[in-house]
>>> print(open('query-v1.cif').read())   # mmCIF, C-alpha atoms and all ligand atoms
data_coords
#
loop_
_atom_site.label_atom_id
_atom_site.label_comp_id
_atom_site.auth_asym_id
_atom_site.auth_seq_id
_atom_site.Cartn_x
_atom_site.Cartn_y
_atom_site.Cartn_z
CA MET A 1 157.14 147.14 69.63
CA PRO A 2 154.90 149.06 72.09
CA LYS A 3 151.74 147.41 73.40
CA PRO A 4 148.79 147.99 71.06
CA PRO A 5 145.70 149.84 72.31
CA THR A 6 142.42 147.98 72.63
CA LYS A 7 139.82 150.55 71.48
CA PRO A 8 139.04 149.95 67.77
CA ALA A 9 139.81 153.46 66.45
CA GLU A 10 143.01 153.68 68.48
CA LEU A 11 144.04 150.20 67.41
CA ARG A 12 143.53 151.12 63.75
CA ALA A 13 145.64 154.27 64.15
CA TRP A 14 148.32 152.24 65.92
CA VAL A 15 148.37 149.58 63.19
CA ILE A 16 148.65 152.27 60.51
CA ALA A 17 151.55 153.89 62.35
CA GLN A 18 153.39 150.53 62.63
CA VAL A 19 152.96 149.75 58.93
CA GLU A 20 153.96 153.23 57.79
CA ALA A 21 157.09 152.96 59.94
CA VAL A 22 157.93 149.67 58.20
CA TYR A 23 157.47 151.28 54.77
CA ARG A 24 159.68 154.20 55.79
CA ASP A 25 162.38 151.85 57.06
CA LEU A 26 162.20 149.81 53.85
CA ALA A 27 162.58 152.98 51.77
CA GLY A 28 165.67 153.85 53.79
CA ARG A 29 167.42 150.56 53.05
CA ARG A 30 170.16 150.48 50.47
CA VAL A 31 168.87 147.91 48.00
CA GLU A 32 169.68 147.67 44.31
CA ARG A 33 166.20 148.01 42.89
CA SER A 34 163.62 150.63 42.12
CA CYS A 35 160.03 150.68 40.95
CA GLU A 36 159.70 152.36 37.56
CA LEU A 37 155.91 152.50 37.67
CA ARG A 38 155.54 150.09 34.75
CA ALA A 39 152.55 148.51 36.49
CA GLY A 40 153.10 145.12 34.81
CA CYS A 41 152.88 143.49 38.22
CA CYS A 42 149.37 144.91 38.72
CA HIS A 43 147.96 142.63 35.98
CA PHE A 44 147.36 139.55 38.05
CA ARG A 45 145.73 137.49 35.31
CA GLN A 46 148.69 138.06 33.02
CA THR A 47 151.41 137.48 35.60
CA GLY A 48 149.61 134.66 37.39
CA GLU A 49 150.73 136.22 40.67
CA VAL A 50 148.81 138.09 43.32
CA PRO A 51 150.62 139.77 46.22
CA SER A 52 149.97 138.33 49.66
CA VAL A 53 148.95 141.05 52.06
CA THR A 54 148.78 141.02 55.84
CA SER A 55 145.78 142.50 57.56
CA ALA A 56 147.91 145.38 58.88
CA GLU A 57 148.94 146.35 55.34
CA ALA A 58 145.32 146.01 54.28
CA VAL A 59 144.32 148.53 56.97
CA VAL A 60 146.63 151.12 55.38
CA LEU A 61 145.24 150.35 51.93
CA ALA A 62 141.65 150.45 53.21
CA ARG A 63 142.18 153.88 54.70
CA ALA A 64 143.34 155.14 51.30
CA VAL A 65 140.37 153.52 49.54
CA ARG A 66 137.93 155.07 51.99
CA ALA A 67 139.61 158.46 51.75
CA ALA A 68 138.87 158.28 48.01
CA GLY A 69 135.16 157.85 48.82
CA LYS A 70 134.83 154.07 48.34
CA THR A 71 133.71 151.54 50.89
CA ALA A 72 134.06 148.39 48.78
CA LEU A 73 136.21 147.07 45.95
CA THR A 74 135.18 146.90 42.34
CA PRO A 75 136.82 143.93 40.59
CA HIS A 76 138.87 144.89 37.56
CA PRO A 77 137.28 143.52 34.37
CA ASP A 78 140.61 142.24 33.03
CA GLY A 79 141.58 140.50 36.23
CA ALA A 80 144.08 143.19 37.23
CA CYS A 81 144.41 144.47 40.78
CA PRO A 82 141.21 146.24 41.84
CA LEU A 83 143.36 149.27 42.65
CA PHE A 84 144.77 149.50 39.12
CA ASP A 85 143.50 152.57 37.28
CA ASP A 86 143.07 152.13 33.51
CA LYS A 87 142.90 155.89 32.97
CA THR A 88 146.31 156.61 34.46
CA GLY A 89 147.83 153.19 33.84
CA GLY A 90 148.99 153.02 37.44
CA CYS A 91 148.06 152.31 41.02
CA ARG A 92 145.24 154.37 42.50
CA HIS A 93 146.86 154.23 45.92
CA TYR A 94 150.54 153.96 45.20
CA ALA A 95 151.62 155.62 48.46
CA ALA A 96 149.65 152.99 50.38
CA ARG A 97 150.67 150.00 48.24
CA PRO A 98 151.50 146.92 50.26
CA PHE A 99 154.88 145.47 51.12
CA GLY A 100 154.77 142.90 48.32
CA CYS A 101 154.34 145.64 45.72
CA ARG A 102 157.44 147.29 47.19
CA THR A 103 159.69 144.27 47.53
CA HIS A 104 158.71 140.94 46.08
CA PHE A 105 156.77 141.32 43.00
CA CYS A 106 158.48 142.84 39.98
CA ARG A 107 161.37 141.60 37.87
CA ALA A 108 161.57 144.89 35.96
CA ALA A 109 162.35 146.70 39.21
CA GLY A 110 165.23 144.39 39.95
CA GLY A 111 163.54 141.21 41.08
CA PRO A 112 162.36 140.17 44.49
CA LEU A 113 164.33 141.07 47.59
CA ALA A 114 165.74 138.12 49.49
CA ARG A 115 163.70 137.32 52.56
CA ARG A 116 166.77 137.71 54.79
CA GLU A 117 167.05 141.35 53.66
CA VAL A 118 163.62 142.22 54.98
CA VAL A 119 162.71 139.50 57.46
CA ASP A 120 162.78 141.95 60.39
CA LEU A 121 160.28 144.18 58.57
CA ILE A 122 158.07 141.21 57.72
CA ARG A 123 158.06 140.24 61.38
CA ARG A 124 156.92 143.74 62.35
CA LEU A 125 154.07 143.53 59.84
CA GLU A 126 153.11 140.15 61.30
CA GLU A 127 153.11 141.57 64.84
CA ALA A 128 150.90 144.48 63.79
CA SER A 129 148.59 142.00 62.05
CA GLU A 130 148.41 139.84 65.16
CA ALA A 131 147.35 142.92 67.11
CA TRP A 132 144.68 143.58 64.48
CA GLY A 133 143.47 140.01 64.98
CA GLU A 134 144.28 138.36 61.67
CA HIS A 135 147.74 136.97 61.42
CA HIS A 136 147.79 135.11 58.09
CA PRO A 137 148.42 137.00 54.84
CA ARG A 138 145.80 136.68 52.12
CA PRO A 139 145.68 137.59 48.42
CA LEU A 140 145.41 141.36 48.08
CA PRO A 141 141.74 141.62 47.01
CA GLU A 142 140.62 139.27 49.79
CA ALA A 143 142.74 140.92 52.49
CA LEU A 144 141.57 144.39 51.53
CA GLY A 145 137.94 143.34 51.16
CA ARG A 146 137.95 141.83 54.65
CA VAL A 147 139.29 145.00 56.26
CA LEU A 148 136.88 147.23 54.33
CA GLY A 149 134.04 144.95 55.43
CA ARG A 150 134.76 145.43 59.12
CA TRP A 151 135.62 149.16 58.97
CA ARG A 152 133.54 151.14 61.47
S1 LIG A 201 148.22 147.74 45.08
FE1 LIG A 201 148.77 149.15 43.44
S2 LIG A 201 150.92 148.65 42.95
FE2 LIG A 201 150.06 146.90 44.08
S3 LIG A 201 149.29 145.48 42.52
FE3 LIG A 201 147.56 146.82 43.14
S4 LIG A 201 147.55 148.50 41.63
FE4 LIG A 201 149.58 147.48 41.52
#
>>> encode(input="query-v1.cif", output="structure tokens")
Amino acid sequence: MPKPPTKPAELRAWVIAQVEAVYRDLAGRRVERSCELRAGCCHFRQTGEVPSVTSAEAVVLARAVRAAGKTALTPHPDGACPLFDDKTGGCRHYAARPFGCRTHFCRAAGGPLARREVVDLIRRLEEASEAWGEHHPRPLPEALGRVLGRWR
């Protein structure tokens, strides 16, 4: 992985590029599963599960949220993901959804991928997150809220 830049705006662009490359590489892998947009996994209170998100993934999500004109999250009244849209019944920022929503989080899509199948991609997300300055993954709303809070 190339050395990350130090200026904040350049670092953010670099982090986004690293994460998008990981998502592209994941999409190119031959794995027996596919998201059918059922959105069951977006209902955290019902599933009892919340995806863990690295800060680097949260940067990509935060860019999408800000591009839609928002600077903070509104909690979902039913305890679903704050990015779940009741009107459409789907994710507001599907193209920017985090790694967990793509790999680890939905039985209907084929169940979670084994860690060994994606460990190299996880490591790249961790490296990008280390460059961003927050290594440890956090629950999606917290991770995204933290990045939105420091966006300049
Ligand atoms: S980010 Fe999107 S796909 Fe992932 S849980 Fe939230 S609404 Fe669902």
>>> closest_atom_pairs(input="query-v1.cif", of="chain A", to="ligand LIG 201 (chain A)", cutoff="10 Å", atoms="all atoms listed in the file", output="JSON lines")
{"residue": "A:Cys35", "atom": "CA", "partner": "A:LIG201", "partner_atom": "S2", "distance": 9.5}
{"residue": "A:Leu37", "atom": "CA", "partner": "A:LIG201", "partner_atom": "S2", "distance": 8.2}
{"residue": "A:Arg38", "atom": "CA", "partner": "A:LIG201", "partner_atom": "FE4", "distance": 9.4}
{"residue": "A:Ala39", "atom": "CA", "partner": "A:LIG201", "partner_atom": "FE4", "distance": 5.9}
{"residue": "A:Gly40", "atom": "CA", "partner": "A:LIG201", "partner_atom": "FE4", "distance": 7.9}
{"residue": "A:Cys41", "atom": "CA", "partner": "A:LIG201", "partner_atom": "S3", "distance": 5.9}
{"residue": "A:Cys42", "atom": "CA", "partner": "A:LIG201", "partner_atom": "FE4", "distance": 3.8}
{"residue": "A:His43", "atom": "CA", "partner": "A:LIG201", "partner_atom": "S3", "distance": 7.3}
{"residue": "A:Phe44", "atom": "CA", "partner": "A:LIG201", "partner_atom": "S3", "distance": 7.7}
{"residue": "A:Glu49", "atom": "CA", "partner": "A:LIG201", "partner_atom": "S3", "distance": 9.6}
{"residue": "A:Val50", "atom": "CA", "partner": "A:LIG201", "partner_atom": "S3", "distance": 7.4}
{"residue": "A:Pro51", "atom": "CA", "partner": "A:LIG201", "partner_atom": "S3", "distance": 6.9}
{"residue": "A:Val53", "atom": "CA", "partner": "A:LIG201", "partner_atom": "S1", "distance": 9.7}
{"residue": "A:Ala58", "atom": "CA", "partner": "A:LIG201", "partner_atom": "S1", "distance": 9.8}
{"residue": "A:Leu61", "atom": "CA", "partner": "A:LIG201", "partner_atom": "S1", "distance": 7.9}
{"residue": "A:Ala80", "atom": "CA", "partner": "A:LIG201", "partner_atom": "S4", "distance": 7.7}
{"residue": "A:Cys81", "atom": "CA", "partner": "A:LIG201", "partner_atom": "FE3", "distance": 4.6}
{"residue": "A:Pro82", "atom": "CA", "partner": "A:LIG201", "partner_atom": "FE3", "distance": 6.5}
{"residue": "A:Leu83", "atom": "CA", "partner": "A:LIG201", "partner_atom": "S4", "distance": 4.4}
{"residue": "A:Phe84", "atom": "CA", "partner": "A:LIG201", "partner_atom": "S4", "distance": 3.9}
{"residue": "A:Asp85", "atom": "CA", "partner": "A:LIG201", "partner_atom": "S4", "distance": 7.2}
{"residue": "A:Asp86", "atom": "CA", "partner": "A:LIG201", "partner_atom": "S4", "distance": 10.0}
{"residue": "A:Gly89", "atom": "CA", "partner": "A:LIG201", "partner_atom": "S4", "distance": 9.1}
{"residue": "A:Gly90", "atom": "CA", "partner": "A:LIG201", "partner_atom": "S4", "distance": 6.3}
{"residue": "A:Cys91", "atom": "CA", "partner": "A:LIG201", "partner_atom": "S4", "distance": 3.9}
{"residue": "A:Arg92", "atom": "CA", "partner": "A:LIG201", "partner_atom": "S4", "distance": 6.4}
{"residue": "A:His93", "atom": "CA", "partner": "A:LIG201", "partner_atom": "FE1", "distance": 6.0}
{"residue": "A:Tyr94", "atom": "CA", "partner": "A:LIG201", "partner_atom": "FE1", "distance": 5.4}
{"residue": "A:Ala95", "atom": "CA", "partner": "A:LIG201", "partner_atom": "FE1", "distance": 8.7}
{"residue": "A:Ala96", "atom": "CA", "partner": "A:LIG201", "partner_atom": "S1", "distance": 7.6}
{"residue": "A:Arg97", "atom": "CA", "partner": "A:LIG201", "partner_atom": "S1", "distance": 4.6}
{"residue": "A:Pro98", "atom": "CA", "partner": "A:LIG201", "partner_atom": "S1", "distance": 6.2}
{"residue": "A:Phe99", "atom": "CA", "partner": "A:LIG201", "partner_atom": "FE2", "distance": 8.7}
{"residue": "A:Gly100", "atom": "CA", "partner": "A:LIG201", "partner_atom": "FE2", "distance": 7.5}
{"residue": "A:Cys101", "atom": "CA", "partner": "A:LIG201", "partner_atom": "FE2", "distance": 4.8}
{"residue": "A:Arg102", "atom": "CA", "partner": "A:LIG201", "partner_atom": "S2", "distance": 7.9}
{"residue": "A:Phe105", "atom": "CA", "partner": "A:LIG201", "partner_atom": "S3", "distance": 8.6}
{"residue": "A:Cys106", "atom": "CA", "partner": "A:LIG201", "partner_atom": "S3", "distance": 9.9}
{"residue": "A:Leu140", "atom": "CA", "partner": "A:LIG201", "partner_atom": "S1", "distance": 7.6}
{"residue": "A:Pro141", "atom": "CA", "partner": "A:LIG201", "partner_atom": "FE3", "distance": 8.7}
{"residue": "A:Leu144", "atom": "CA", "partner": "A:LIG201", "partner_atom": "S1", "distance": 9.9}
>>> closest_residue(input="query-v1.cif", among="A:Thr103, A:Thr74, A:Thr6, A:Thr54", to="A:Tyr23", atoms="all atoms listed in the file")
A:Thr103
>>> residues_around(input="query-v1.cif", residues="stretch 112-125 of chain A", least_positions_apart="5", cutoff="12 Å", atoms="all atoms listed in the file", output="PyMOL selection string")
chain A and resi 1-2+15-35+41+51-60+98-107+130-132+134-137
>>> atom_distance(input="query-v1.cif", atom1="atom CA of A:Glu10", atom2="atom CA of A:Arg150")
15.0 Å
>>> closest_residue(input="query-v1.cif", among="A:Gly79, A:Arg63, A:Ala143, A:Ala68", to="A:Ala13", atoms="all atoms listed in the file")
A:Arg63
>>> atom_distance(input="query-v1.cif", atom1="atom CA of A:Lys70", atom2="atom CA of A:Pro8")
20.3 Å
>>> build_atoms(input="query-v1.cif", residues="stretch 108-130 of chain A", atoms="N, CA and C atoms", output="compact mmCIF listing (two decimals), keeping the file's coordinate frame")
# COMPACT_ATOMS: atom_id res chain seq x y z
N ALA A 108 161.08 143.68 36.62
CA ALA A 108 161.57 144.89 35.96
C ALA A 108 162.21 145.86 36.94
N ALA A 109 161.79 145.79 38.19
CA ALA A 109 162.35 146.70 39.21
C ALA A 109 163.60 146.13 39.84
N GLY A 110 164.01 144.96 39.40
CA GLY A 110 165.23 144.39 39.95
C GLY A 110 165.02 143.02 40.57
N GLY A 111 163.81 142.52 40.53
CA GLY A 111 163.54 141.21 41.08
C GLY A 111 163.24 141.28 42.56
N PRO A 112 162.76 140.16 43.09
CA PRO A 112 162.36 140.17 44.49
C PRO A 112 163.55 140.33 45.43
N LEU A 113 163.31 140.99 46.54
CA LEU A 113 164.33 141.07 47.59
C LEU A 113 164.40 139.72 48.29
N ALA A 114 165.61 139.35 48.71
CA ALA A 114 165.74 138.12 49.49
C ALA A 114 165.06 138.30 50.84
N ARG A 115 164.42 137.24 51.30
CA ARG A 115 163.70 137.32 52.56
C ARG A 115 164.61 137.78 53.71
N ARG A 116 165.87 137.33 53.68
CA ARG A 116 166.77 137.71 54.79
C ARG A 116 167.01 139.22 54.83
N GLU A 117 166.82 139.90 53.70
CA GLU A 117 167.05 141.35 53.66
C GLU A 117 165.94 142.13 54.34
N VAL A 118 164.78 141.49 54.46
CA VAL A 118 163.62 142.22 54.98
C VAL A 118 162.86 141.45 56.05
N VAL A 119 163.45 140.37 56.55
CA VAL A 119 162.71 139.50 57.46
C VAL A 119 162.30 140.25 58.74
N ASP A 120 163.13 141.18 59.18
CA ASP A 120 162.78 141.95 60.39
C ASP A 120 161.54 142.81 60.12
N LEU A 121 161.44 143.35 58.91
CA LEU A 121 160.28 144.18 58.57
C LEU A 121 159.03 143.31 58.43
N ILE A 122 159.20 142.13 57.84
CA ILE A 122 158.07 141.21 57.72
C ILE A 122 157.56 140.85 59.11
N ARG A 123 158.47 140.61 60.01
CA ARG A 123 158.06 140.24 61.38
C ARG A 123 157.26 141.38 62.03
N ARG A 124 157.68 142.60 61.78
CA ARG A 124 156.92 143.74 62.35
C ARG A 124 155.52 143.83 61.75
N LEU A 125 155.41 143.54 60.46
CA LEU A 125 154.07 143.53 59.84
C LEU A 125 153.22 142.41 60.44
N GLU A 126 153.85 141.27 60.70
CA GLU A 126 153.11 140.15 61.30
C GLU A 126 152.64 140.51 62.72
N GLU A 127 153.49 141.18 63.46
CA GLU A 127 153.11 141.57 64.84
C GLU A 127 151.94 142.56 64.81
N ALA A 128 152.00 143.51 63.90
CA ALA A 128 150.90 144.48 63.79
C ALA A 128 149.62 143.77 63.37
N SER A 129 149.76 142.76 62.50
CA SER A 129 148.59 142.00 62.05
C SER A 129 148.02 141.15 63.17
N GLU A 130 148.89 140.60 64.00
CA GLU A 130 148.41 139.84 65.16
C GLU A 130 147.61 140.75 66.07
